[in-house]
Amino acid sequence: MNNTINSFIVVNPRKCTSCKSCQVACLTAHNKEEYLDIVLQGDISYVTMKCNHCENAPCANRCPVGAIKQIKNRIVIDENICVGCRACTKVCPFDAISIIPKSTSSEDAPNKRAKNIAYKCDLCMDKDSCKCVEACPNHALTLVDPLKDKSAKTIRSAENLFRTINLYK
């Protein structure tokens with residue numbers, strides 16, 4: 001597994017009101033609307049921003065079929081490969097992975113058994129932005145990109161150093 005620094009979402013608990021807008025946005029963005037009623041009733045939370053997209057991710061290392069991979073500075077689950085074995089849920093240090101029934105299309109045979117899959121935040125990998133962050137009415141969610149943050153800090157440090165050198169000329 002690549003040890004690239006991954007992005008992740010930070011939740012500010014002082015701003016979060018548990019309105020579930022982020023969860024609704026996530027389920028909608030990932031075509032999992034069938035879970036909206038369950039989430040809105042508060043019985044189960046299938047959606048979580050608890051995933052820290054770990055470097056050397058335990059879930060990816062434990063997955064026996066290679067369904068969990070690091071792609072574009074995030075840890076993602078390939079639903080087409082996942083067998084729902086729960087190995088990833090047992091090793092996740094943040095309890096950020098849920099096991100849910102895989103969505104089935106209308107072409108699937110009616111007698112076909114439902115398959116369970118692992119599901120977690122993928123930072124809206126196939127979208128142009130994180131839908132949960134956009135949907136939060138209280139701005140309690142922030143997408144952290146350590147590589148961009150490091151670059152910005154390096155630039156600020158260089159600018160400060162340049163200013164300091166110029167002061168002594």
# chains A, B, ... in the order shown; residues from 1 in each chain; ligands from 1
>>> residues_around(residues="range 134-151 of chain A", least_positions_apart="6", cutoff="6 Å", atoms="only C-alpha atoms", output="list of chain:residue names")
A:Ser7, A:Phe8, A:Ile9, A:Val10, A:Val11, A:Asn12, A:Lys15, A:Cys16, A:Ser21, A:Cys22
>>> write_last_selection(atoms="all heavy atoms", output="PDB file, in the first residue's frame")
ATOM      1  N   SER A   7      -6.296  12.871   2.110  1.00  0.00           N
ATOM      2  CA  SER A   7      -7.227  13.901   2.564  1.00  0.00           C
ATOM      3  C   SER A   7      -8.232  13.277   3.521  1.00  0.00           C
ATOM      4  O   SER A   7      -8.388  12.059   3.560  1.00  0.00           O
ATOM      5  CB  SER A   7      -7.952  14.508   1.362  1.00  0.00           C
ATOM      6  OG  SER A   7      -7.034  15.107   0.479  1.00  0.00           O
ATOM      7  N   PHE A   8      -8.936  14.121   4.278  1.00  0.00           N
ATOM      8  CA  PHE A   8      -9.966  13.647   5.200  1.00  0.00           C
ATOM      9  C   PHE A   8     -10.860  14.822   5.582  1.00  0.00           C
ATOM     10  O   PHE A   8     -10.556  15.972   5.278  1.00  0.00           O
ATOM     11  CB  PHE A   8      -9.353  13.002   6.454  1.00  0.00           C
ATOM     12  CG  PHE A   8      -8.389  13.897   7.199  1.00  0.00           C
ATOM     13  CD1 PHE A   8      -8.825  14.681   8.246  1.00  0.00           C
ATOM     14  CD2 PHE A   8      -7.048  13.927   6.834  1.00  0.00           C
ATOM     15  CE1 PHE A   8      -7.926  15.510   8.923  1.00  0.00           C
ATOM     16  CE2 PHE A   8      -6.148  14.742   7.505  1.00  0.00           C
ATOM     17  CZ  PHE A   8      -6.590  15.541   8.552  1.00  0.00           C
ATOM     18  N   ILE A   9     -11.969  14.518   6.237  1.00  0.00           N
ATOM     19  CA  ILE A   9     -12.920  15.552   6.663  1.00  0.00           C
ATOM     20  C   ILE A   9     -12.840  15.700   8.172  1.00  0.00           C
ATOM     21  O   ILE A   9     -12.801  14.720   8.901  1.00  0.00           O
ATOM     22  CB  ILE A   9     -14.357  15.190   6.233  1.00  0.00           C
ATOM     23  CG1 ILE A   9     -14.440  15.249   4.703  1.00  0.00           C
ATOM     24  CG2 ILE A   9     -15.383  16.130   6.873  1.00  0.00           C
ATOM     25  CD1 ILE A   9     -15.756  14.808   4.130  1.00  0.00           C
ATOM     26  N   VAL A  10     -12.829  16.943   8.614  1.00  0.00           N
ATOM     27  CA  VAL A  10     -12.840  17.257  10.042  1.00  0.00           C
ATOM     28  C   VAL A  10     -14.208  17.831  10.385  1.00  0.00           C
ATOM     29  O   VAL A  10     -14.738  18.670   9.650  1.00  0.00           O
ATOM     30  CB  VAL A  10     -11.737  18.283  10.394  1.00  0.00           C
ATOM     31  CG1 VAL A  10     -11.839  18.724  11.841  1.00  0.00           C
ATOM     32  CG2 VAL A  10     -10.369  17.711  10.104  1.00  0.00           C
ATOM     33  N   VAL A  11     -14.772  17.357  11.490  1.00  0.00           N
ATOM     34  CA  VAL A  11     -16.063  17.854  11.965  1.00  0.00           C
ATOM     35  C   VAL A  11     -15.817  18.733  13.183  1.00  0.00           C
ATOM     36  O   VAL A  11     -15.178  18.305  14.143  1.00  0.00           O
ATOM     37  CB  VAL A  11     -17.005  16.696  12.353  1.00  0.00           C
ATOM     38  CG1 VAL A  11     -18.350  17.232  12.825  1.00  0.00           C
ATOM     39  CG2 VAL A  11     -17.186  15.734  11.194  1.00  0.00           C
ATOM     40  N   ASN A  12     -16.338  19.961  13.151  1.00  0.00           N
ATOM     41  CA  ASN A  12     -16.250  20.857  14.303  1.00  0.00           C
ATOM     42  C   ASN A  12     -17.481  20.600  15.169  1.00  0.00           C
ATOM     43  O   ASN A  12     -18.595  20.993  14.813  1.00  0.00           O
ATOM     44  CB  ASN A  12     -16.213  22.311  13.852  1.00  0.00           C
ATOM     45  CG  ASN A  12     -16.084  23.277  15.001  1.00  0.00           C
ATOM     46  OD1 ASN A  12     -16.442  22.982  16.137  1.00  0.00           O
ATOM     47  ND2 ASN A  12     -15.582  24.472  14.706  1.00  0.00           N
ATOM     48  N   LYS A  15     -19.991  23.409  16.014  1.00  0.00           N
ATOM     49  CA  LYS A  15     -20.887  23.908  14.970  1.00  0.00           C
ATOM     50  C   LYS A  15     -21.928  22.877  14.538  1.00  0.00           C
ATOM     51  O   LYS A  15     -22.970  23.231  14.006  1.00  0.00           O
ATOM     52  CB  LYS A  15     -20.072  24.338  13.747  1.00  0.00           C
ATOM     53  CG  LYS A  15     -19.224  25.570  13.968  1.00  0.00           C
ATOM     54  CD  LYS A  15     -18.505  25.933  12.681  1.00  0.00           C
ATOM     55  CE  LYS A  15     -17.707  27.206  12.812  1.00  0.00           C
ATOM     56  NZ  LYS A  15     -17.061  27.555  11.530  1.00  0.00           N
ATOM     57  N   CYS A  16     -21.639  21.588  14.749  1.00  0.00           N
ATOM     58  CA  CYS A  16     -22.543  20.532  14.303  1.00  0.00           C
ATOM     59  C   CYS A  16     -23.786  20.471  15.189  1.00  0.00           C
ATOM     60  O   CYS A  16     -23.691  20.413  16.412  1.00  0.00           O
ATOM     61  CB  CYS A  16     -21.830  19.188  14.337  1.00  0.00           C
ATOM     62  SG  CYS A  16     -22.873  17.811  13.806  1.00  0.00           S
ATOM     63  N   SER A  21     -27.966  16.764   7.505  1.00  0.00           N
ATOM     64  CA  SER A  21     -27.879  17.251   6.120  1.00  0.00           C
ATOM     65  C   SER A  21     -26.716  16.603   5.389  1.00  0.00           C
ATOM     66  O   SER A  21     -26.811  16.281   4.208  1.00  0.00           O
ATOM     67  CB  SER A  21     -27.708  18.773   6.088  1.00  0.00           C
ATOM     68  OG  SER A  21     -28.851  19.411   6.576  1.00  0.00           O
ATOM     69  N   CYS A  22     -25.620  16.406   6.085  1.00  0.00           N
ATOM     70  CA  CYS A  22     -24.440  15.792   5.471  1.00  0.00           C
ATOM     71  C   CYS A  22     -24.740  14.354   5.070  1.00  0.00           C
ATOM     72  O   CYS A  22     -24.339  13.898   3.993  1.00  0.00           O
ATOM     73  CB  CYS A  22     -23.243  15.864   6.408  1.00  0.00           C
ATOM     74  SG  CYS A  22     -23.489  15.085   8.019  1.00  0.00           S
TER      75      CYS A  22
END
>>> closest_residue(among="A:Cys82, A:Met125, A:Ala158, A:Ala96", to="Pro64 in chain A", atoms="only C-alpha atoms")
A:Cys82
>>> atom_distance(atom1="CA of Arg86 in chain A", atom2="CA of Val65 in chain A")
11.6 Å
>>> residues_around(residues="Arg62 in chain A", least_positions_apart="4", cutoff="8 Å", atoms="only C-alpha atoms", output="PyMOL selection string")
chain A and resi 58+87-88+91
>>> closest_residue(among="A:Asn56, A:Asn80, A:Ser129, A:Asn160", to="Cys26 in chain A", atoms="only C-alpha atoms")
A:Ser129
>>> closest_residue(among="A:Ala57, A:Ala118, A:Cys51, A:Val133", to="Ile77 in chain A", atoms="only C-alpha atoms")
A:Ala118
>>> residues_around(residues="Ile97 in chain A", least_positions_apart="4", cutoff="7 Å", atoms="only C-alpha atoms", output="list of chain:residue names")
A:Thr89, A:Ala118, A:Tyr119, A:Lys120
>>> write_last_selection(atoms="N, CA and C atoms", output="PDB file, in the first residue's frame")
ATOM      1  N   THR A  89     -14.186  -3.877   8.956  1.00  0.00           N
ATOM      2  CA  THR A  89     -14.866  -3.244  10.088  1.00  0.00           C
ATOM      3  C   THR A  89     -14.195  -3.601  11.406  1.00  0.00           C
ATOM      4  N   ALA A 118     -19.185  -3.405   2.214  1.00  0.00           N
ATOM      5  CA  ALA A 118     -18.660  -2.391   3.115  1.00  0.00           C
ATOM      6  C   ALA A 118     -18.892  -1.029   2.483  1.00  0.00           C
ATOM      7  N   TYR A 119     -19.206  -0.044   3.327  1.00  0.00           N
ATOM      8  CA  TYR A 119     -19.491   1.304   2.838  1.00  0.00           C
ATOM      9  C   TYR A 119     -18.876   2.315   3.792  1.00  0.00           C
ATOM     10  N   LYS A 120     -18.232   3.315   3.243  1.00  0.00           N
ATOM     11  CA  LYS A 120     -17.636   4.374   4.045  1.00  0.00           C
ATOM     12  C   LYS A 120     -17.449   5.611   3.189  1.00  0.00           C
TER      13      LYS A 120
END
>>> select_by_dssp(residues="range 2-160 of chain A", states="strand (DSSP E or B)", output="ChimeraX atom specification")
/A:8-11,68-70,75-77,98-101,116-119,141-144
>>> select_by_dssp(residues="range 52-95 of chain A", states="alpha helix (DSSP H)", output="PyMOL selection string")
chain A and resi 58-62+87-91
>>> atom_distance(atom1="CA of Val76 in chain A", atom2="CA of Glu55 in chain A")
12.4 Å
>>> atom_distance(atom1="CA of Ala60 in chain A", atom2="CA of Asp78 in chain A")
11.0 Å
>>> closest_residue(among="A:Ala29, A:Ala114, A:Ile68, A:Cys63", to="Lys90 in chain A", atoms="only C-alpha atoms")
A:Cys63
